[in-house]
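Structure below is upload_24.txt: compact mmCIF, C-alpha atoms.
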```
# COMPACT_ATOMS: atom_id res chain seq x y z
CA MET A 1 4.70 -1.17 10.67
CA LYS A 2 3.38 1.04 8.02
CA LYS A 3 5.21 4.25 8.45
CA SER A 4 2.71 6.37 6.60
CA ASN A 5 0.07 5.18 9.03
CA LYS A 6 2.47 6.01 11.82
CA GLN A 7 1.61 2.55 13.05
CA PHE A 8 4.66 2.52 15.22
CA PHE A 9 3.63 5.77 16.79
CA ILE A 10 -0.13 5.58 16.67
CA LYS A 11 -1.21 1.95 16.67
CA LYS A 12 0.89 1.14 19.68
CA PRO A 13 0.43 4.25 21.77
CA LEU A 14 1.00 2.47 25.10
CA VAL A 15 4.23 0.90 23.94
CA LEU A 16 5.33 4.25 22.63
CA LEU A 17 4.38 6.06 25.76
CA CYS A 18 6.41 3.59 27.81
CA ALA A 19 9.30 3.83 25.37
CA ALA A 20 9.18 7.60 25.51
CA LEU A 21 9.08 7.60 29.32
CA ILE A 22 11.99 5.19 29.55
CA ALA A 23 14.07 6.67 26.80
CA GLY A 24 13.17 10.32 27.19
CA VAL A 25 13.45 11.60 23.68
CA GLY A 26 13.96 8.10 22.28
CA ALA A 27 10.74 7.94 20.29
CA PRO A 28 11.28 11.17 18.36
CA LEU A 29 14.84 10.04 17.61
CA LEU A 30 13.61 6.71 16.28
CA ARG A 31 11.02 8.49 14.21
CA ALA A 32 13.72 10.71 12.75
CA THR A 33 15.85 7.74 11.87
CA VAL A 34 12.94 5.90 10.22
CA ASP A 35 12.23 9.06 8.23
CA ASP A 36 15.89 9.16 7.21
CA SER A 37 15.70 5.51 6.19
CA ILE A 38 12.69 6.32 4.01
CA SER A 39 14.76 8.99 2.27
CA PHE A 40 17.42 6.38 1.55
CA ALA A 41 14.79 3.91 0.32
CA TYR A 42 13.52 6.53 -2.14
CA GLU A 43 17.12 7.12 -3.18
CA ALA A 44 17.36 3.40 -3.98
CA ALA A 45 14.10 3.67 -5.94
CA LEU A 46 15.27 6.58 -8.10
CA PRO A 47 16.87 4.48 -10.88
CA TYR A 48 13.63 2.51 -11.20
CA TYR A 49 11.57 5.70 -11.32
CA LYS A 50 13.77 6.75 -14.22
CA GLN A 51 12.96 3.42 -15.88
CA GLY A 52 9.26 4.28 -15.76
CA PHE A 53 8.23 2.65 -12.48
CA SER A 54 5.63 4.51 -10.42
CA ILE A 55 7.00 4.64 -6.91
CA ARG A 56 4.34 4.51 -4.19
CA LYS A 57 4.31 7.38 -1.75
CA ASP A 58 3.38 4.91 0.96
CA ALA A 59 6.35 3.52 2.86
CA TRP A 60 6.81 0.98 5.60
CA GLY A 61 9.40 1.06 8.29
CA GLY A 62 10.41 0.38 11.83
CA ASP A 63 13.41 -1.02 13.61
CA LEU A 64 14.81 -4.53 13.87
CA GLY A 65 17.59 -6.31 15.72
CA VAL A 66 20.34 -8.07 13.80
CA ARG A 67 19.01 -11.19 12.02
CA GLU A 68 15.50 -10.36 13.10
CA ARG A 69 13.01 -10.68 10.24
CA LYS A 70 9.68 -9.11 9.55
CA ALA A 71 6.98 -9.86 7.01
CA VAL A 72 5.02 -7.20 5.19
CA SER A 73 2.00 -8.56 3.35
CA THR A 74 0.96 -6.97 0.13
CA GLN A 75 -1.58 -7.43 -2.64
CA LEU A 76 0.10 -7.65 -6.02
CA PHE A 77 -1.36 -7.96 -9.49
CA LYS A 78 -0.39 -10.26 -12.33
CA GLY A 79 0.62 -8.13 -15.30
CA ASN A 80 2.63 -5.60 -13.31
CA THR A 81 6.32 -5.70 -12.53
CA TYR A 82 7.26 -4.69 -8.98
CA TRP A 83 10.47 -3.50 -7.39
CA PHE A 84 10.72 -3.47 -3.59
CA LEU A 85 13.50 -1.27 -2.24
CA MET A 86 14.72 -1.32 1.33
CA ALA A 87 17.23 0.93 3.09
CA THR A 88 18.56 2.04 6.42
CA ASP A 89 20.23 5.23 7.54
CA VAL A 90 22.64 3.29 9.77
CA LYS A 91 26.16 3.40 8.38
CA GLY A 92 27.79 -0.01 8.23
CA ALA A 93 24.49 -1.90 8.38
CA THR A 94 23.50 -4.37 5.69
CA LEU A 95 20.01 -5.67 5.07
CA SER A 96 17.95 -7.76 2.71
CA VAL A 97 14.48 -7.98 1.22
CA HIS A 98 13.06 -11.09 -0.44
CA LEU A 99 9.63 -11.84 -1.87
CA TYR A 100 7.46 -14.88 -1.16
CA ASP A 101 4.02 -16.00 -2.23
CA ASP A 102 1.25 -16.93 0.20
CA LYS A 103 2.53 -20.52 0.34
CA GLY A 104 5.97 -19.41 1.45
CA ASN A 105 7.75 -19.98 -1.88
CA LEU A 106 10.51 -17.61 -2.91
CA VAL A 107 9.12 -15.98 -6.04
CA GLU A 108 11.34 -13.00 -6.81
CA ALA A 109 12.81 -12.74 -10.30
CA GLU A 110 15.99 -11.14 -8.97
CA SER A 111 17.34 -9.43 -5.90
CA TRP A 112 20.36 -7.41 -4.93
CA GLN A 113 22.03 -6.23 -1.78
CA LYS A 114 24.49 -3.37 -1.55
CA GLY A 115 25.47 -2.02 1.83
CA ARG A 116 22.59 -0.14 3.38
CA PHE A 117 20.36 -0.79 0.32
CA ALA A 118 18.60 -3.90 -0.95
CA GLY A 119 16.06 -4.61 -3.64
CA ALA A 120 13.96 -7.40 -5.10
CA ARG A 121 11.94 -7.63 -8.30
CA LEU A 122 8.82 -9.66 -8.91
CA ASN A 123 6.62 -10.35 -11.93
CA PRO A 124 3.67 -12.06 -10.19
CA LYS A 125 2.50 -15.20 -11.96
CA ALA A 126 -0.85 -14.78 -10.25
CA THR A 127 -2.78 -11.97 -8.59
CA GLY A 128 -2.86 -12.39 -4.83
CA THR A 129 -1.15 -11.87 -1.50
CA TYR A 130 2.64 -11.76 -1.35
CA PHE A 131 5.09 -11.20 1.48
CA ALA A 132 8.16 -9.02 1.56
CA ILE A 133 10.49 -10.48 4.18
CA VAL A 134 12.86 -7.83 5.49
CA GLN A 135 15.92 -8.59 7.57
CA ILE A 136 18.89 -6.78 9.08
CA LEU A 137 21.97 -8.86 8.25
CA LYS A 138 24.58 -6.82 10.05
CA SER A 139 24.59 -3.61 12.02
CA PRO A 140 26.76 -1.71 14.48
CA GLU A 141 23.58 -0.93 16.45
CA ASP A 142 21.28 -3.11 18.54
CA ARG A 143 18.20 -1.85 16.77
CA THR A 144 18.39 -0.69 13.19
CA ALA A 145 15.80 1.55 11.56
CA TRP A 146 14.67 0.41 8.14
CA ALA A 147 12.23 1.50 5.47
CA LEU A 148 10.66 -0.23 2.49
CA VAL A 149 9.09 1.32 -0.59
CA TYR A 150 7.88 -0.23 -3.80
CA GLY A 151 7.24 0.71 -7.38
CA TYR A 152 5.27 -0.86 -10.19
CA LYS A 153 4.86 -0.62 -13.95
CA MET B 1 45.34 -21.97 -2.50
CA LYS B 2 45.53 -25.32 -0.80
CA ASN B 3 44.02 -23.86 2.34
CA PHE B 4 41.22 -22.08 0.53
CA PRO B 5 38.48 -24.68 1.21
CA LEU B 6 39.42 -24.72 4.88
CA LEU B 7 39.29 -20.94 5.02
CA PHE B 8 35.90 -21.00 3.32
CA VAL B 9 34.53 -23.49 5.85
CA ALA B 10 35.91 -21.45 8.72
CA LEU B 11 34.34 -18.29 7.34
CA SER B 12 31.04 -20.05 6.75
CA LEU B 13 30.89 -21.14 10.32
CA SER B 14 31.87 -17.82 11.79
CA PRO B 15 29.08 -15.72 13.27
CA PHE B 16 30.22 -12.75 11.24
CA PHE B 17 29.82 -14.55 7.94
CA SER B 18 26.45 -15.94 8.82
CA ALA B 19 25.32 -12.50 9.94
CA VAL B 20 26.13 -10.84 6.63
CA ALA B 21 25.24 -13.67 4.25
CA ASP B 22 22.13 -12.93 2.24
CA ILE B 23 20.95 -16.32 1.07
CA ALA B 24 17.20 -16.32 0.71
CA PRO B 25 15.62 -19.67 1.58
CA LYS B 26 13.59 -21.11 -1.30
CA LYS B 27 10.74 -21.82 1.08
CA ILE B 28 9.68 -20.30 4.38
CA THR B 29 6.94 -21.16 6.82
CA LEU B 30 4.82 -18.06 7.07
CA SER B 31 3.32 -19.23 10.35
CA ASP B 32 6.82 -18.91 11.84
CA PHE B 33 6.22 -15.21 11.80
CA PRO B 34 4.26 -14.32 14.89
CA ALA B 35 1.01 -12.58 14.10
CA ALA B 36 2.37 -9.34 15.44
CA ALA B 37 5.30 -9.50 13.05
CA VAL B 38 3.11 -9.68 9.99
CA ASP B 39 2.17 -6.16 9.25
CA GLU B 40 -1.07 -4.85 7.95
CA VAL B 41 -1.77 -5.34 4.29
CA VAL B 42 -0.38 -2.81 1.90
CA VAL B 43 -3.41 -1.28 0.18
CA PRO B 44 -2.77 -0.83 -3.54
CA VAL B 45 -3.70 2.41 -5.24
CA PRO B 46 -6.24 2.10 -8.08
CA SER B 47 -3.62 2.92 -10.71
CA GLU B 48 -1.76 -0.30 -9.88
CA ILE B 49 -4.78 -2.22 -11.11
CA PHE B 50 -5.59 0.22 -13.89
CA ALA B 51 -2.05 -0.23 -15.25
CA VAL B 52 -2.76 -3.93 -15.77
CA LEU B 53 -6.14 -3.22 -17.39
CA ASP B 54 -4.36 -0.91 -19.83
CA LYS B 55 -2.03 -3.77 -20.76
CA LEU B 56 -4.93 -6.17 -21.21
CA GLY B 57 -6.83 -3.99 -23.62
CA ASN B 58 -7.95 -0.49 -24.32
CA PRO B 59 -10.55 0.32 -21.67
CA ASN B 60 -12.91 3.22 -22.20
CA TRP B 61 -11.91 5.18 -19.12
CA LYS B 62 -14.16 8.15 -19.91
CA ASP B 63 -17.08 5.77 -19.72
CA GLN B 64 -16.11 4.92 -16.14
CA LEU B 65 -16.02 8.50 -14.88
CA ASN B 66 -18.73 9.31 -12.40
CA PRO B 67 -20.56 12.40 -13.68
CA ALA B 68 -22.25 13.03 -10.32
CA LYS B 69 -20.75 15.72 -8.13
CA ALA B 70 -20.28 14.44 -4.62
CA ARG B 71 -21.94 16.30 -1.76
CA THR B 72 -19.98 16.93 1.40
CA PRO B 73 -21.52 14.77 4.13
CA GLN B 74 -22.19 15.89 7.67
CA ASP B 75 -20.42 13.09 9.52
CA ARG B 76 -16.69 12.56 9.51
CA ALA B 77 -16.71 8.83 8.78
CA HIS B 78 -18.81 9.41 5.70
CA THR B 79 -16.54 12.28 4.65
CA ALA B 80 -13.43 10.08 5.02
CA LEU B 81 -15.02 7.39 2.84
CA LEU B 82 -15.98 10.00 0.27
CA LEU B 83 -12.50 11.51 0.29
CA GLY B 84 -10.98 8.12 -0.58
CA ASN B 85 -13.67 7.60 -3.19
CA VAL B 86 -12.97 10.98 -4.81
CA ILE B 87 -9.21 10.40 -4.87
CA ALA B 88 -9.85 7.06 -6.60
CA GLU B 89 -12.02 8.96 -9.08
CA GLY B 90 -8.98 11.14 -9.66
CA PHE B 91 -7.03 8.08 -10.82
CA VAL B 92 -9.86 7.27 -13.25
CA ALA B 93 -9.78 10.83 -14.58
CA VAL B 94 -6.02 10.50 -15.09
CA GLU B 95 -6.53 7.31 -17.10
CA ALA B 96 -9.20 9.14 -19.12
CA GLU B 97 -6.71 12.03 -19.52
CA ASP B 98 -9.51 14.45 -18.68
CA ALA B 99 -7.75 17.56 -17.41
CA GLU B 100 -10.92 19.43 -16.44
CA LYS B 101 -12.25 16.50 -14.42
CA VAL B 102 -8.86 16.08 -12.75
CA LYS B 103 -8.86 19.75 -11.71
CA GLU B 104 -12.43 19.52 -10.46
CA ILE B 105 -11.48 16.46 -8.40
CA GLY B 106 -8.45 18.31 -7.04
CA ARG B 107 -10.79 21.03 -5.76
CA GLN B 108 -13.15 18.44 -4.28
CA VAL B 109 -10.26 16.80 -2.43
CA LEU B 110 -9.44 20.16 -0.88
CA THR B 111 -13.05 20.78 0.18
CA LEU B 112 -13.40 17.33 1.75
CA ALA B 113 -10.00 17.55 3.44
CA ASP B 114 -11.15 20.86 4.89
CA ALA B 115 -14.29 19.21 6.27
CA ILE B 116 -12.18 16.81 8.32
CA ASN B 117 -9.50 19.30 9.33
CA VAL B 118 -6.67 18.05 7.14
CA ARG B 119 -6.83 20.75 4.47
CA LYS B 120 -3.33 22.01 5.20
CA SER B 121 -1.87 18.60 4.38
CA VAL B 122 -3.09 18.64 0.78
CA ILE B 123 -3.05 22.29 -0.32
CA THR B 124 0.27 21.91 -2.14
CA ARG B 125 -0.74 18.58 -3.67
CA CYS B 126 -4.00 20.00 -5.00
CA LYS B 127 -2.18 22.92 -6.60
CA SER B 128 0.27 20.48 -8.20
CA ILE B 129 -2.63 18.36 -9.47
CA THR B 130 -4.03 21.42 -11.26
CA ASP B 131 -0.65 22.51 -12.62
CA LYS B 132 0.28 19.05 -13.86
CA ALA B 133 -3.16 18.45 -15.38
CA ASP B 134 -2.72 21.72 -17.33
CA MET B 135 0.57 20.34 -18.67
CA ASN B 136 -0.97 16.90 -19.39
CA ASP B 137 1.69 15.42 -17.13
CA TRP B 138 -0.41 12.35 -16.33
CA LYS B 139 2.34 10.42 -14.59
CA GLY B 140 2.90 13.47 -12.41
CA VAL B 141 -0.81 13.84 -11.62
CA ARG B 142 -1.01 10.15 -10.73
CA ALA B 143 1.89 10.59 -8.30
CA GLU B 144 0.18 13.64 -6.77
CA PHE B 145 -3.07 11.73 -6.16
CA ASP B 146 -1.06 8.94 -4.55
CA GLY B 147 0.72 11.57 -2.47
CA ALA B 148 -2.59 13.26 -1.54
CA LEU B 149 -3.92 9.92 -0.33
CA GLN B 150 -0.89 9.37 1.87
CA ASP B 151 -0.79 12.96 3.09
CA VAL B 152 -4.39 13.02 4.27
CA ARG B 153 -3.99 9.64 5.94
CA GLU B 154 -0.82 10.76 7.66
CA ALA B 155 -2.48 13.97 8.80
CA MET B 156 -5.40 11.97 10.20
CA ASP B 157 -3.05 9.61 11.99
CA GLU B 158 -1.32 12.59 13.54
CA LEU B 159 -4.72 13.75 14.78
CA ASN B 160 -5.23 10.26 16.24
CA ASP B 161 -7.94 9.64 13.65
CA HIS B 162 -6.50 6.29 12.60
CA ASP B 163 -9.96 4.83 12.00
CA LEU B 164 -10.86 7.63 9.64
CA SER B 165 -7.56 7.13 7.86
CA GLN B 166 -8.55 3.49 7.22
CA LEU B 167 -11.91 4.64 5.91
CA VAL B 168 -10.15 6.82 3.35
CA SER B 169 -8.34 3.72 2.05
CA LEU B 170 -11.55 1.73 2.10
CA GLY B 171 -13.45 4.42 0.19
CA GLY B 172 -10.72 4.40 -2.44
CA TRP B 173 -10.74 0.63 -2.72
CA LEU B 174 -14.51 0.52 -3.14
CA ARG B 175 -14.46 2.99 -6.02
CA GLY B 176 -11.41 1.32 -7.61
CA THR B 177 -13.17 -2.05 -7.42
CA GLU B 178 -16.35 -0.66 -8.96
CA VAL B 179 -14.34 0.66 -11.90
CA LEU B 180 -12.32 -2.55 -12.25
CA THR B 181 -15.46 -4.69 -12.35
CA GLY B 182 -17.14 -2.20 -14.69
CA ILE B 183 -14.32 -2.61 -17.20
CA VAL B 184 -13.96 -6.37 -16.81
CA GLN B 185 -17.72 -6.79 -17.27
CA LYS B 186 -17.60 -5.01 -20.62
CA GLY B 187 -14.95 -7.29 -22.06
CA PHE B 188 -14.69 -10.30 -19.80
CA SER B 189 -11.34 -12.03 -19.72
CA GLN B 190 -9.92 -14.39 -17.15
CA ASP B 191 -6.84 -12.21 -16.79
CA GLY B 192 -9.05 -9.23 -16.02
CA ALA B 193 -11.22 -11.16 -13.57
CA GLU B 194 -8.13 -12.48 -11.80
CA LEU B 195 -7.36 -8.92 -10.67
CA LEU B 196 -10.26 -9.34 -8.24
CA HIS B 197 -8.49 -12.11 -6.39
CA GLN B 198 -7.84 -9.98 -3.27
CA PRO B 199 -8.94 -12.10 -0.30
CA GLU B 200 -6.45 -10.77 2.23
CA LEU B 201 -7.27 -7.19 1.34
CA VAL B 202 -11.01 -7.73 1.84
CA ASN B 203 -10.36 -9.52 5.14
CA TYR B 204 -8.08 -6.70 6.17
CA PHE B 205 -10.77 -4.07 5.61
CA ASP B 206 -13.24 -6.25 7.51
CA ARG B 207 -10.76 -6.53 10.40
CA CYS B 208 -10.17 -2.77 10.30
CA ILE B 209 -13.88 -2.06 10.74
CA GLY B 210 -14.02 -4.72 13.46
CA SER B 211 -11.32 -2.91 15.43
CA MET B 212 -12.93 0.53 15.13
CA SER B 213 -14.72 2.26 17.98
CA SER B 214 -18.24 0.99 18.54
CA ARG B 215 -19.58 4.39 17.49
CA LEU B 216 -17.96 3.99 14.08
CA ARG B 217 -18.88 0.32 13.77
CA LYS B 218 -22.50 1.26 14.38
CA ASN B 219 -22.41 4.05 11.81
CA PRO B 220 -25.08 2.85 9.33
CA LEU B 221 -22.90 3.40 6.26
CA VAL B 222 -19.82 1.75 7.80
CA SER B 223 -21.93 -1.15 9.01
CA HIS B 224 -23.46 -1.54 5.56
CA ILE B 225 -20.01 -1.54 3.96
CA ARG B 226 -18.93 -4.30 6.33
CA ASP B 227 -21.91 -6.37 5.19
CA VAL B 228 -20.91 -5.74 1.59
CA LEU B 229 -17.31 -6.77 2.29
CA ARG B 230 -18.56 -10.01 3.79
CA LYS B 231 -20.52 -10.71 0.64
CA ILE B 232 -17.55 -9.90 -1.59
CA GLY B 233 -15.05 -11.83 0.56
CA PRO B 234 -16.04 -15.39 -0.45
CA ILE B 235 -16.16 -14.41 -4.13
CA VAL B 236 -12.66 -12.95 -4.26
CA ALA B 237 -11.31 -15.81 -2.17
CA GLU B 238 -11.82 -18.06 -5.19
CA ASN B 239 -8.74 -18.82 -7.22
CA GLY B 240 -8.25 -16.04 -9.71
CA ASP B 241 -9.05 -18.34 -12.61
CA SER B 242 -12.40 -19.39 -11.21
CA ILE B 243 -13.95 -15.92 -10.94
CA THR B 244 -16.88 -15.96 -13.36
CA PRO B 245 -18.63 -13.15 -15.25
CA GLU B 246 -21.51 -13.53 -12.77
CA ASN B 247 -19.09 -13.03 -9.87
CA VAL B 248 -17.76 -9.89 -11.51
CA LYS B 249 -21.28 -8.57 -11.98
CA SER B 250 -22.15 -9.30 -8.34
CA ILE B 251 -19.11 -7.39 -7.07
CA HIS B 252 -19.87 -4.54 -9.44
CA ASP B 253 -23.46 -4.32 -8.21
CA PHE B 254 -22.37 -4.39 -4.55
CA THR B 255 -19.73 -1.70 -4.98
CA HIS B 256 -21.84 0.45 -7.29
CA GLU B 257 -24.64 0.52 -4.76
CA VAL B 258 -22.42 1.35 -1.81
CA ASN B 259 -20.46 3.99 -3.74
CA GLY B 260 -23.79 5.56 -4.66
CA GLN B 261 -24.51 5.93 -0.96
CA ILE B 262 -21.06 7.35 -0.30
CA THR B 263 -21.31 10.02 -3.00
CA ALA B 264 -24.92 10.92 -2.18
CA GLY B 265 -23.88 12.59 1.08
CA ASN B 266 -26.16 12.59 4.09
```
Would you write out, as structure tokens, the structure that this file holds?
Amino acid sequence: MKKSNKQFFIKKPLVLLCAALIAGVGAPLLRATVDDSISFAYEAALPYYKQGFSIRKDAWGGDLGVRERKAVSTQLFKGNTYWFLMATDVKGATLSVHLYDDKGNLVEAESWQKGRFAGARLNPKATGTYFAIVQILKSPEDRTAWALVYGYK
Amino acid sequence: MKNFPLLFVALSLSPFFSAVADIAPKKITLSDFPAAAVDEVVVPVPSEIFAVLDKLGNPNWKDQLNPAKARTPQDRAHTALLLGNVIAEGFVAVEAEDAEKVKEIGRQVLTLADAINVRKSVITRCKSITDKADMNDWKGVRAEFDGALQDVREAMDELNDHDLSQLVSLGGWLRGTEVLTGIVQKGFSQDGAELLHQPELVNYFDRCIGSMSSRLRKNPLVSHIRDVLRKIGPIVAENGDSITPENVKSIHDFTHEVNGQITAGN
């Protein structure tokens, strides 16, 4: 659900249309909350920007139920260091992001989780496809908007 | 204190605790994720790869700049490919720290964005590109090109031109790959060649074209690019450490040829 591609809103137009019909203004509200989550994700990325990481303008987001997981596949390059930062705008929610290689092995060098923010760092040992697994651990809401950004140096 | 282990066990078993615990499993089965839950591949910007090349050596970036001025094509698919190509060229110009070329590319981005009705989305970016190039703020210019890429794609998505948005990414990847192979060819190293190990990305672009409207799929340039991707695919599917100098040359020749068609206009 690549937010910048508006995948949620464009790639699934029928689903969205139905959602909008059922929920009235639900879709615009969800969009707003994903946008807010992106702002929080960039907030989480700020310290890394200050450390010299280039933070991608592209962001990924959507909404998940509690304990629901989602995989975002990404091409990473040996020689770079990456930070993946995830956030939600939902107060009281906690979430996590962890990084796996294409064989399903946990490969992150470190990770942290602090309230509505989470992060994971990776120094890829090989160039190739990796997966960021995002999850909502706890939330006062049924569906929780989330966003993921990453930076490299 | 005596009851502490019992309390711990009780907490561990409680739904609340299990809901908030963040213990990442050492191993997961990726096939457990339904296909729909695995999102499209994140397309890297050229500077992600260029950053590694800088660490591996001291590439001659000026040598990689394309001196040819791109002509605005007539058809929108071609224009989208060229727009991505030109933005990728912008990243090369940043690496070369060539302020004049950066500014020229900024203007080209605006012209091409205009041709596909997304000019408004990049006006501010293009002005920032010029301003930051004048100040030699290369990190800033790099961020603006990344932002321009996202802004035009977002604007296209809002116009329901999702296919064209993918072509912008593809055009950028093709030019980035041409430059990467150009540099690796000049001073072959296994670490450099390993950067080409991008099988999922190549498959992704192939799938993207496959899901486009038949009109776009039949566009001669798009169709030709798909053929090229299918030739590159098996090469980059090799393990990174088995990509040979000949493989690098092949990919360079493929991408050089197709980028020549993209920049030539109609």
Tell me which of A:Phe53, A:Trp112, A:Tyr48, A:Phe77 sits closest to chain B, counting only C-alpha atoms.
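Among the listed residues, A:Phe77 lies closest to chain B.
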Residues of chain A within 6 Å of chain B, all atoms listed in the file counted, as number ranges by chain
A: 1, 4-5, 57, 70-74, 79, 104-106, 127-128, 137-138
Neighbours of point (5.0, 1.3, -6.1) within 6 Å, using all atoms listed in the file, written as a count of residues only:
6
Tell me, as a list in words, which residues lie within 12 Å of Ala96 of chain B, counting all atoms listed in the file; anything in the same chain fewer than 6 positions away does not count.
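Answer for this query is Ser47, Phe50, Asp54, Asn58, Pro59, Asn60, Trp61, Lys62, Asp63, Gln64, Leu65, Asn66, Glu89, Gly90, Val102, Ala133, Asn136, Trp138 and Arg142 of chain B.
We find atom CA of Val258 of chain B and atom CA of Arg119 of chain B to be spaced 25.7 Å apart.
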For Leu99 of chain A, work out the shell of residues within 6 Å, counting only C-alpha atoms and skipping chain neighbours fewer than 2 positions away, then give it as a list in words.
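The contact residues come out as Leu106, Val107, Glu108, Phe131 and Ala132 of chain A.
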Find the residues near Thr144 of chain A: any atom within 7 Å, counting all atoms listed in the file, skip ones fewer than 5 places away on the same chain, and give them as a list of chain:residue names.
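Here the qualifying residues turn out to be A:Asp63, A:Leu64, A:Gly65, A:Val90, A:Ser139.
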One decimal, in Å: what's the spacing between atom CA of Thr33 of chain A and atom CA of Val134 of chain A?
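If I compute the distance from atom CA of Thr33 of chain A to atom CA of Val134 of chain A, I get 17.1 Å.
When atom CA of Asn85 of chain B is paired with atom CA of Gly171 of chain B, their separation reads 4.6 Å.
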Once you count all atoms listed in the file, which residues end up no further than 8 Å from (9.1, 3.6, 4.4) in the file's frame, shown as an mmCIF file with C-alpha atoms, keeping the file's coordinate frame?
```cif
data_model
loop_
_atom_site.group_PDB
_atom_site.id
_atom_site.type_symbol
_atom_site.label_atom_id
_atom_site.label_comp_id
_atom_site.auth_asym_id
_atom_site.auth_seq_id
_atom_site.Cartn_x
_atom_site.Cartn_y
_atom_site.Cartn_z
ATOM 1 C CA LYS A 2 3.380 1.040 8.020
ATOM 2 C CA LYS A 3 5.210 4.250 8.450
ATOM 3 C CA SER A 4 2.710 6.370 6.600
ATOM 4 C CA VAL A 34 12.940 5.900 10.220
ATOM 5 C CA ASP A 35 12.230 9.060 8.230
ATOM 6 C CA SER A 37 15.700 5.510 6.190
ATOM 7 C CA ILE A 38 12.690 6.320 4.010
ATOM 8 C CA ALA A 41 14.790 3.910 0.320
ATOM 9 C CA ASP A 58 3.380 4.910 0.960
ATOM 10 C CA ALA A 59 6.350 3.520 2.860
ATOM 11 C CA TRP A 60 6.810 0.980 5.600
ATOM 12 C CA GLY A 61 9.400 1.060 8.290
ATOM 13 C CA TRP A 146 14.670 0.410 8.140
ATOM 14 C CA ALA A 147 12.230 1.500 5.470
ATOM 15 C CA LEU A 148 10.660 -0.230 2.490
ATOM 16 C CA VAL A 149 9.090 1.320 -0.590
#
```
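Candidate residues B:Gln74, B:Arg107, B:Ala115, B:Gly176 were compared for distance to Ser128 of chain B, and the nearest is B:Arg107, using only C-alpha atoms.
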